[in-house]
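Undergrad: Sharing data00.cif (mmCIF, C-alpha atoms and all ligand atoms) below.
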```cif
data_upload
#
loop_
_atom_site.label_atom_id
_atom_site.label_comp_id
_atom_site.auth_asym_id
_atom_site.auth_seq_id
_atom_site.Cartn_x
_atom_site.Cartn_y
_atom_site.Cartn_z
CA MET D 698 -4.01 18.53 -18.83
CA ALA D 699 -7.39 16.88 -18.55
CA SER D 700 -10.64 17.57 -16.75
CA VAL D 701 -13.95 15.76 -16.90
CA LYS D 702 -17.41 17.09 -16.22
CA VAL D 703 -20.50 14.91 -16.28
CA GLN D 704 -23.70 16.89 -16.31
CA SER D 705 -27.14 15.44 -15.50
CA VAL D 706 -26.41 12.19 -17.32
CA SER D 707 -29.16 9.58 -17.52
CA LYS D 708 -29.11 6.29 -19.34
CA TRP D 709 -31.61 3.56 -20.13
CA PHE D 710 -30.89 0.19 -21.75
CA PRO D 711 -33.63 -1.33 -23.88
CA ARG D 712 -34.94 -4.69 -22.70
CA ARG D 713 -36.58 -7.34 -24.82
CA ASP D 714 -39.24 -7.97 -22.20
CA GLY D 715 -40.80 -4.93 -20.58
CA GLU D 716 -39.67 -1.44 -19.63
CA PRO D 717 -36.20 -0.16 -20.52
CA LEU D 718 -33.70 -0.60 -17.69
CA HIS D 719 -32.97 2.73 -16.01
CA VAL D 720 -29.24 2.44 -15.33
CA LEU D 721 -28.12 5.97 -14.51
CA GLN D 722 -30.17 8.87 -13.20
CA ASN D 723 -29.04 12.48 -13.23
CA ILE D 724 -25.36 11.86 -12.64
CA ASP D 725 -23.18 14.89 -11.96
CA LEU D 726 -19.44 14.54 -11.64
CA ASP D 727 -16.70 17.10 -11.60
CA VAL D 728 -13.13 15.94 -12.02
CA PRO D 729 -10.61 18.78 -11.96
CA GLU D 730 -7.35 18.27 -13.82
CA LYS D 731 -4.64 16.21 -12.11
CA THR D 732 -7.18 14.75 -9.69
CA ILE D 733 -7.88 11.09 -8.98
CA VAL D 734 -11.55 10.25 -8.61
CA ALA D 735 -13.01 6.86 -7.64
CA ILE D 736 -16.49 5.70 -8.56
CA VAL D 737 -17.69 3.09 -6.09
CA GLY D 738 -20.91 1.19 -5.66
CA ALA D 739 -22.47 -2.26 -5.59
CA SER D 740 -22.20 -4.58 -8.54
CA GLY D 741 -24.68 -3.65 -11.27
CA CYS D 742 -25.22 -0.06 -10.15
CA GLY D 743 -23.90 1.39 -13.42
CA LYS D 744 -20.23 2.13 -12.70
CA SER D 745 -18.90 0.64 -15.94
CA THR D 746 -21.69 2.27 -17.91
CA LEU D 747 -20.75 5.65 -16.47
CA LEU D 748 -17.08 5.12 -17.30
CA ASN D 749 -18.01 4.04 -20.83
CA ILE D 750 -20.09 7.20 -21.22
CA ILE D 751 -17.12 9.33 -20.11
CA ALA D 752 -14.93 7.45 -22.61
CA GLY D 753 -17.43 8.14 -25.40
CA LEU D 754 -18.06 4.42 -25.92
CA ILE D 755 -21.73 4.78 -24.94
CA LYS D 756 -23.93 7.80 -25.57
CA PRO D 757 -26.02 9.11 -22.67
CA ASP D 758 -29.76 9.46 -23.27
CA ARG D 759 -29.82 12.70 -21.30
CA GLY D 760 -27.21 15.15 -20.16
CA CYS D 761 -23.68 15.49 -21.44
CA VAL D 762 -20.01 15.00 -20.77
CA PHE D 763 -17.36 17.69 -21.13
CA LEU D 764 -13.73 16.75 -21.66
CA ASN D 765 -11.32 19.61 -21.05
CA GLY D 766 -14.36 21.86 -21.23
CA VAL D 767 -15.30 20.58 -24.70
CA LYS D 768 -18.55 18.73 -25.26
CA ALA D 769 -17.73 15.04 -25.76
CA SER D 770 -19.59 15.02 -29.09
CA GLU D 771 -17.20 17.71 -30.36
CA PHE D 772 -14.11 16.40 -28.63
CA LYS D 773 -11.33 15.49 -31.06
CA ASP D 774 -8.31 14.74 -28.95
CA TRP D 775 -9.22 11.14 -28.09
CA ARG D 776 -5.57 10.15 -28.04
CA SER D 777 -5.13 12.15 -24.84
CA MET D 778 -7.39 9.62 -23.14
CA THR D 779 -6.82 5.99 -22.37
CA TYR D 780 -8.89 3.17 -20.94
CA MET D 781 -7.69 0.30 -18.80
CA PHE D 782 -10.20 -2.53 -18.75
CA GLN D 783 -11.02 -4.97 -16.01
CA GLU D 784 -9.29 -7.80 -17.90
CA ASP D 785 -5.81 -7.03 -19.18
CA ARG D 786 -6.82 -7.90 -22.79
CA LEU D 787 -3.24 -8.63 -23.84
CA LEU D 788 -2.78 -10.29 -27.21
CA PRO D 789 -1.27 -13.71 -26.43
CA TRP D 790 0.65 -13.92 -29.71
CA ARG D 791 2.46 -10.65 -29.09
CA THR D 792 5.37 -10.04 -26.72
CA ALA D 793 5.06 -7.48 -23.91
CA ALA D 794 6.79 -4.89 -26.10
CA GLN D 795 4.54 -5.68 -29.07
CA ASN D 796 1.45 -5.41 -26.88
CA VAL D 797 2.61 -2.02 -25.64
CA ALA D 798 3.38 -0.89 -29.20
CA PHE D 799 -0.17 -1.59 -30.34
CA GLY D 800 -1.62 1.89 -29.81
CA LEU D 801 1.35 3.52 -31.52
CA GLU D 802 0.99 1.27 -34.57
CA ALA D 803 -2.67 2.20 -34.76
CA ALA D 804 -1.69 5.86 -34.58
CA GLY D 805 0.81 5.41 -37.42
CA VAL D 806 3.89 6.23 -35.36
CA GLY D 807 7.09 5.25 -37.21
CA ARG D 808 9.18 2.22 -36.26
CA ALA D 809 12.13 3.97 -34.64
CA GLU D 810 9.97 6.23 -32.50
CA ARG D 811 7.75 3.32 -31.59
CA LYS D 812 10.72 1.35 -30.37
CA ALA D 813 12.01 4.22 -28.26
CA ARG D 814 8.65 4.96 -26.70
CA VAL D 815 7.87 1.34 -25.95
CA ALA D 816 11.25 0.93 -24.24
CA GLU D 817 10.71 4.12 -22.26
CA THR D 818 7.24 3.04 -21.15
CA LEU D 819 8.30 -0.48 -20.18
CA GLU D 820 11.03 1.14 -18.12
CA LEU D 821 8.43 3.40 -16.50
CA VAL D 822 6.47 0.39 -15.24
CA GLY D 823 9.61 -1.55 -14.29
CA LEU D 824 9.38 -4.20 -17.01
CA SER D 825 12.38 -3.53 -19.24
CA GLN D 826 13.72 -7.02 -18.57
CA PHE D 827 10.54 -8.63 -19.86
CA ALA D 828 10.08 -6.79 -23.16
CA LYS D 829 10.40 -10.01 -25.16
CA ALA D 830 8.26 -12.19 -22.89
CA TYR D 831 4.85 -13.41 -24.02
CA PRO D 832 1.81 -12.86 -21.77
CA HIS D 833 1.67 -16.52 -20.72
CA GLU D 834 5.23 -16.21 -19.42
CA LEU D 835 4.30 -13.33 -17.11
CA SER D 836 2.75 -13.28 -13.62
CA GLY D 837 -0.58 -11.54 -12.99
CA GLY D 838 1.19 -8.47 -11.62
CA MET D 839 3.51 -8.27 -14.63
CA ARG D 840 0.63 -8.62 -17.05
CA SER D 841 -1.06 -5.80 -15.21
CA ARG D 842 2.07 -3.68 -15.69
CA VAL D 843 2.07 -4.47 -19.42
CA ALA D 844 -1.57 -3.40 -19.62
CA LEU D 845 -0.70 -0.21 -17.77
CA ALA D 846 2.26 0.43 -20.09
CA ARG D 847 0.03 -0.13 -23.12
CA SER D 848 -2.35 2.50 -21.73
CA LEU D 849 0.44 4.97 -21.04
CA VAL D 850 2.47 4.65 -24.22
CA THR D 851 0.51 7.37 -26.03
CA ARG D 852 1.21 9.72 -23.09
CA PRO D 853 -2.43 10.32 -22.16
CA THR D 854 -3.48 13.02 -19.74
CA LEU D 855 -6.68 11.21 -18.79
CA LEU D 856 -6.63 7.61 -17.58
CA LEU D 857 -9.90 5.74 -17.14
CA MET D 858 -9.72 2.43 -15.27
CA ASP D 859 -12.47 -0.11 -14.67
CA GLU D 860 -11.49 -2.30 -11.71
CA PRO D 861 -8.13 -2.99 -13.34
CA PHE D 862 -6.49 -4.58 -10.30
CA SER D 863 -9.42 -6.53 -8.91
CA LYS D 864 -7.96 -9.90 -9.93
CA LEU D 865 -4.57 -9.32 -8.34
CA ASP D 866 -3.72 -10.48 -4.84
CA ALA D 867 -3.46 -7.82 -2.13
CA THR D 868 0.32 -7.37 -2.16
CA ILE D 869 0.59 -6.99 -5.93
CA ARG D 870 -2.47 -4.75 -6.00
CA SER D 871 -0.85 -2.51 -3.46
CA GLN D 872 2.32 -2.33 -5.59
CA MET D 873 0.21 -1.35 -8.59
CA HIS D 874 -1.39 1.43 -6.54
CA ASP D 875 2.06 2.82 -5.77
CA GLU D 876 3.00 2.63 -9.45
CA VAL D 877 -0.16 4.37 -10.58
CA LEU D 878 0.30 7.18 -8.05
CA ARG D 879 3.94 7.66 -9.00
CA ILE D 880 3.18 7.73 -12.71
CA ALA D 881 0.11 9.93 -12.34
CA LYS D 882 2.24 12.51 -10.59
CA LEU D 883 5.09 12.20 -13.06
CA MET D 884 2.79 12.58 -16.06
CA ASP D 885 0.33 15.08 -14.55
CA MET D 886 -2.52 12.68 -15.21
CA THR D 887 -6.15 12.92 -14.28
CA ILE D 888 -7.61 9.53 -13.34
CA VAL D 889 -11.19 8.33 -13.06
CA PHE D 890 -11.46 4.76 -11.89
CA VAL D 891 -14.13 2.32 -10.86
CA THR D 892 -13.78 -0.02 -7.92
CA HIS D 893 -15.88 -1.90 -5.42
CA ASP D 894 -12.95 -1.98 -3.00
CA ALA D 895 -13.23 0.74 -0.35
CA GLU D 896 -9.56 0.54 0.58
CA GLU D 897 -8.45 0.92 -3.04
CA ALA D 898 -10.66 3.99 -3.34
CA VAL D 899 -9.24 5.55 -0.17
CA VAL D 900 -5.60 4.80 -1.02
CA LEU D 901 -5.82 6.31 -4.52
CA ALA D 902 -8.58 8.87 -4.74
CA LYS D 903 -8.90 12.45 -3.67
CA GLN D 904 -12.61 12.30 -4.32
CA VAL D 905 -14.83 9.23 -3.96
CA VAL D 906 -18.22 9.20 -5.64
CA VAL D 907 -20.62 6.67 -4.14
CA LEU D 908 -23.38 5.39 -6.42
CA ASN D 909 -26.71 4.01 -5.26
CA PRO D 910 -28.15 1.18 -7.33
CA ARG D 911 -31.22 0.91 -9.60
CA PRO D 912 -31.07 3.42 -11.07
CA GLY D 913 -27.52 4.51 -10.37
CA ARG D 914 -27.47 7.87 -8.62
CA VAL D 915 -24.78 9.76 -6.76
CA ARG D 916 -25.45 9.13 -3.09
CA GLU D 917 -22.53 11.14 -1.83
CA THR D 918 -19.17 12.55 -2.80
CA ARG D 919 -16.48 12.06 -0.20
CA MET D 920 -13.24 14.01 -0.12
CA ILE D 921 -10.25 12.03 1.12
CA ASP D 922 -7.96 14.67 2.54
CA LEU D 923 -4.96 12.52 3.31
CA PRO D 924 -1.48 13.22 1.96
CA TYR D 925 0.01 10.88 -0.66
CA PRO D 926 1.43 8.30 -0.59
CA ARG D 927 -1.13 6.68 1.69
CA ASP D 928 -0.04 3.68 3.66
CA PRO D 929 -2.89 1.16 3.49
CA SER D 930 -2.09 0.04 7.02
CA ALA D 931 -2.20 3.57 8.49
CA PRO D 932 -5.04 4.17 10.99
CA ALA D 933 -6.34 7.21 9.09
CA VAL D 934 -6.65 5.16 5.89
CA HIS D 935 -8.37 2.35 7.79
CA GLU D 936 -10.82 4.78 9.34
CA GLN D 937 -11.74 6.35 5.97
CA ALA D 938 -12.11 2.93 4.34
CA ARG D 939 -14.31 1.75 7.19
CA ALA D 940 -16.53 4.82 6.90
CA LEU D 941 -16.76 4.34 3.13
CA ARG D 942 -17.58 0.64 3.49
CA GLN D 943 -20.42 1.57 5.82
CA SER D 944 -21.79 3.97 3.28
CA LEU D 945 -21.74 1.26 0.57
N1 LIG Q 1 -25.18 -2.97 -23.11
C1 LIG Q 1 -26.09 -3.25 -22.18
N2 LIG Q 1 -27.36 -3.59 -22.52
C2 LIG Q 1 -28.28 -3.85 -21.58
N3 LIG Q 1 -28.04 -3.81 -20.26
C3 LIG Q 1 -26.81 -3.48 -19.85
C4 LIG Q 1 -25.76 -3.19 -20.79
N4 LIG Q 1 -24.64 -2.91 -20.08
C5 LIG Q 1 -24.97 -3.01 -18.78
N5 LIG Q 1 -26.26 -3.36 -18.64
C6 LIG Q 1 -26.98 -3.50 -17.36
O1 LIG Q 1 -26.90 -2.25 -16.69
C7 LIG Q 1 -26.69 -2.43 -15.31
C8 LIG Q 1 -25.42 -1.71 -14.89
O2 LIG Q 1 -24.31 -2.37 -15.47
P1 LIG Q 1 -22.81 -1.91 -15.24
O3 LIG Q 1 -22.64 -0.51 -15.65
O4 LIG Q 1 -21.94 -2.92 -15.90
O5 LIG Q 1 -22.69 -2.02 -13.64
P2 LIG Q 1 -21.41 -2.11 -12.69
O6 LIG Q 1 -20.19 -1.81 -13.50
O7 LIG Q 1 -21.66 -1.12 -11.59
O8 LIG Q 1 -21.38 -3.50 -12.15
C9 LIG Q 1 -26.67 -3.91 -15.06
O9 LIG Q 1 -27.94 -4.31 -14.63
C10 LIG Q 1 -26.34 -4.50 -16.41
O10 LIG Q 1 -26.89 -5.78 -16.56
MG MG Q 2 -18.49 -2.96 -13.94
#
```
Output the file's structure as structure tokens, nothing else.
Ligand SMILES: Nc1ncnc2c1ncn2[C@@H]1O[C@H](COP(=O)(O)OP(=O)(O)O)[C@@H](O)[C@H]1O
Ligand SMILES: [Mg+2]

TA:
Amino acid sequence: MASVKVQSVSKWFPRRDGEPLHVLQNIDLDVPEKTIVAIVGASGCGKSTLLNIIAGLIKPDRGCVFLNGVKASEFKDWRSMTYMFQEDRLLPWRTAAQNVAFGLEAAGVGRAERKARVAETLELVGLSQFAKAYPHELSGGMRSRVALARSLVTRPTLLLMDEPFSKLDATIRSQMHDEVLRIAKLMDMTIVFVTHDAEEAVVLAKQVVVLNPRPGRVRETRMIDLPYPRDPSAPAVHEQARALRQSL
């Protein structure tokens, strides 16, 4: 089970000309286990930077991150966490199954177990029939499922996603939301994701953190107290998304 705590995190990026860029200011975030949290805000307000700091890819200049109550700098169990990027980053010369197997190969998992777990994970995302297909043979939605499967194959408890569905059309995106919710529940996952889409935030998240730009600060944290699954066309969802959009 995974929880995330971000405590008073600030970040500056050096600039060749002039003052360092103040990207994040005093960010606090509390993600209890098995919760889905959305980080929303205008482009350039530091959402990806914050996610990268949570993932340990970037070090904060001030403050710290706790993963399962352990300081990120002392955290060892990185395999329990996975990151889904904005682009699917599939390797074009590998089949869907081989793309999904990647993380297991890196972890030194043996061939037989790899095969079983890849098959199981492709099944989980509804892609068993396409195990041998290459990325160029797949639709955008299917590629997105492969990317999701690749993230899930190590059975993480924490899933970080940076606008992973932003390039999909509305219908497919909505299908991916259903998949993510189903799988999150099945696997008891905690999810922190970034989006600039208010509806996506309201359909998926229990807690929505709104960032203000330059430097990125938490403007407000909104609780979305609607039962899952949330129908994107339901009035209550519309109302919450509208309110969130206004706050953006
Ligand atoms: N590695 C970096 N070096 C310098 N500036 C960066 C770096 N990464 C991001 N930035 C800058 O920090 C700001 C926030 O970026 P980012 O976190 O990607 O925002 P968002 O994901 O909300 O669009 C932007 O102005 C961006 O240009
Ligand atoms: Mg970004």

Undergrad: Dump the neighbourhood of ligand LIG 1 (chain Q) as a list in words: all residues within 6 Å, distances computed on only C-alpha atoms and all ligand atoms.

TA: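 Within the 6 Å cut-off, the matching residues are Phe710, Val720, Ser740, Gly741, Cys742, Gly743, Lys744, Ser745 and Thr746 of chain D.
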
Undergrad: Keeping only C-alpha atoms, write the selected residues as a compact mmCIF listing (two decimals), keeping the file's coordinate frame.

TA:
```txt
# COMPACT_ATOMS: atom_id res chain seq x y z
CA PHE D 710 -30.89 0.19 -21.75
CA VAL D 720 -29.24 2.44 -15.33
CA SER D 740 -22.20 -4.58 -8.54
CA GLY D 741 -24.68 -3.65 -11.27
CA CYS D 742 -25.22 -0.06 -10.15
CA GLY D 743 -23.90 1.39 -13.42
CA LYS D 744 -20.23 2.13 -12.70
CA SER D 745 -18.90 0.64 -15.94
CA THR D 746 -21.69 2.27 -17.91
```

Undergrad: Tell me, in Å to one decimal, how far atom CA of Ile750 of chain D is from atom CA of Ala803 of chain D.

TA: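 Atom-to-atom, atom CA of Ile750 of chain D and atom CA of Ala803 of chain D are spaced 22.6 Å apart.
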
Undergrad: How would you report the residues lying within 12 Å of ligand MG 2 (chain Q), as a PDB file with C-alpha atoms, in the frame of the given file, if you count all atoms listed in the file?

TA:
```pdb
ATOM      1  CA  ILE D 736     -16.490   5.700  -8.560  1.00  0.00           C
ATOM      2  CA  VAL D 737     -17.690   3.090  -6.090  1.00  0.00           C
ATOM      3  CA  GLY D 738     -20.910   1.190  -5.660  1.00  0.00           C
ATOM      4  CA  ALA D 739     -22.470  -2.260  -5.590  1.00  0.00           C
ATOM      5  CA  SER D 740     -22.200  -4.580  -8.540  1.00  0.00           C
ATOM      6  CA  GLY D 741     -24.680  -3.650 -11.270  1.00  0.00           C
ATOM      7  CA  CYS D 742     -25.220  -0.060 -10.150  1.00  0.00           C
ATOM      8  CA  GLY D 743     -23.900   1.390 -13.420  1.00  0.00           C
ATOM      9  CA  LYS D 744     -20.230   2.130 -12.700  1.00  0.00           C
ATOM     10  CA  SER D 745     -18.900   0.640 -15.940  1.00  0.00           C
ATOM     11  CA  THR D 746     -21.690   2.270 -17.910  1.00  0.00           C
ATOM     12  CA  LEU D 747     -20.750   5.650 -16.470  1.00  0.00           C
ATOM     13  CA  LEU D 748     -17.080   5.120 -17.300  1.00  0.00           C
ATOM     14  CA  ASN D 749     -18.010   4.040 -20.830  1.00  0.00           C
ATOM     15  CA  PHE D 782     -10.200  -2.530 -18.750  1.00  0.00           C
ATOM     16  CA  GLN D 783     -11.020  -4.970 -16.010  1.00  0.00           C
ATOM     17  CA  GLU D 784      -9.290  -7.800 -17.900  1.00  0.00           C
ATOM     18  CA  MET D 858      -9.720   2.430 -15.270  1.00  0.00           C
ATOM     19  CA  ASP D 859     -12.470  -0.110 -14.670  1.00  0.00           C
ATOM     20  CA  GLU D 860     -11.490  -2.300 -11.710  1.00  0.00           C
ATOM     21  CA  PRO D 861      -8.130  -2.990 -13.340  1.00  0.00           C
ATOM     22  CA  SER D 863      -9.420  -6.530  -8.910  1.00  0.00           C
ATOM     23  CA  PHE D 890     -11.460   4.760 -11.890  1.00  0.00           C
ATOM     24  CA  VAL D 891     -14.130   2.320 -10.860  1.00  0.00           C
ATOM     25  CA  THR D 892     -13.780  -0.020  -7.920  1.00  0.00           C
ATOM     26  CA  HIS D 893     -15.880  -1.900  -5.420  1.00  0.00           C
TER      27      HIS D 893
END
```

Undergrad: For Val797 of chain D, work out the shell of residues within 12 Å, counting only C-alpha atoms and skipping chain neighbours fewer than 5 positions away, then give it as an NGL selection string.

TA: :D and (785-788 or 791-792 or 802-803 or 811-820 or 822 or 824-825 or 827-832 or 840-851)

Undergrad: What separation in Å, quoted to one decimal, exists between atom CA of Pro926 of chain D and atom CA of Lys731 of chain D?

TA: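 These two atoms are separated by 15.2 Å.
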
Undergrad: As an exercise, work out the distance from atom CA of Gly800 of chain D to atom CA of Ala752 of chain D in Å and give it to one decimal place.

TA: 16.1 Å

Undergrad: Please provide the set of residues having any atom within 6 Å of Gln722 of chain D, restricted to all atoms listed in the file, with same-chain residues fewer than 6 positions apart removed, written as JSON, numbers by chain.

TA: {"D": [707, 912, 913, 914]}

Undergrad: Identify the residues around (-5.5, 3.2, -0.1) within a radius of 6 Å, measuring from all atoms listed in the file in the coordinates stated by the file, and give them as a PyMOL selection string.

TA: chain D and resi 896-897+899-901+927+929

Undergrad: Which protein, DNA or RNA residues are at most 7 Å from (-21.2, 5.3, -3.1) in the file's coordinates when you count all atoms listed in the file, listed as a PyMOL selection string?

TA: chain D and resi 737-738+906-909+915-917+944-945

Undergrad: With distances taken over all atoms listed in the file, which residue among D:Thr732, D:Gly753, D:Asp758, D:Ala895 lies nearest Lys708 of chain D?

TA: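 Among D:Thr732, D:Gly753, D:Asp758, D:Ala895, it is D:Asp758 that comes nearest to Lys708 of chain D.
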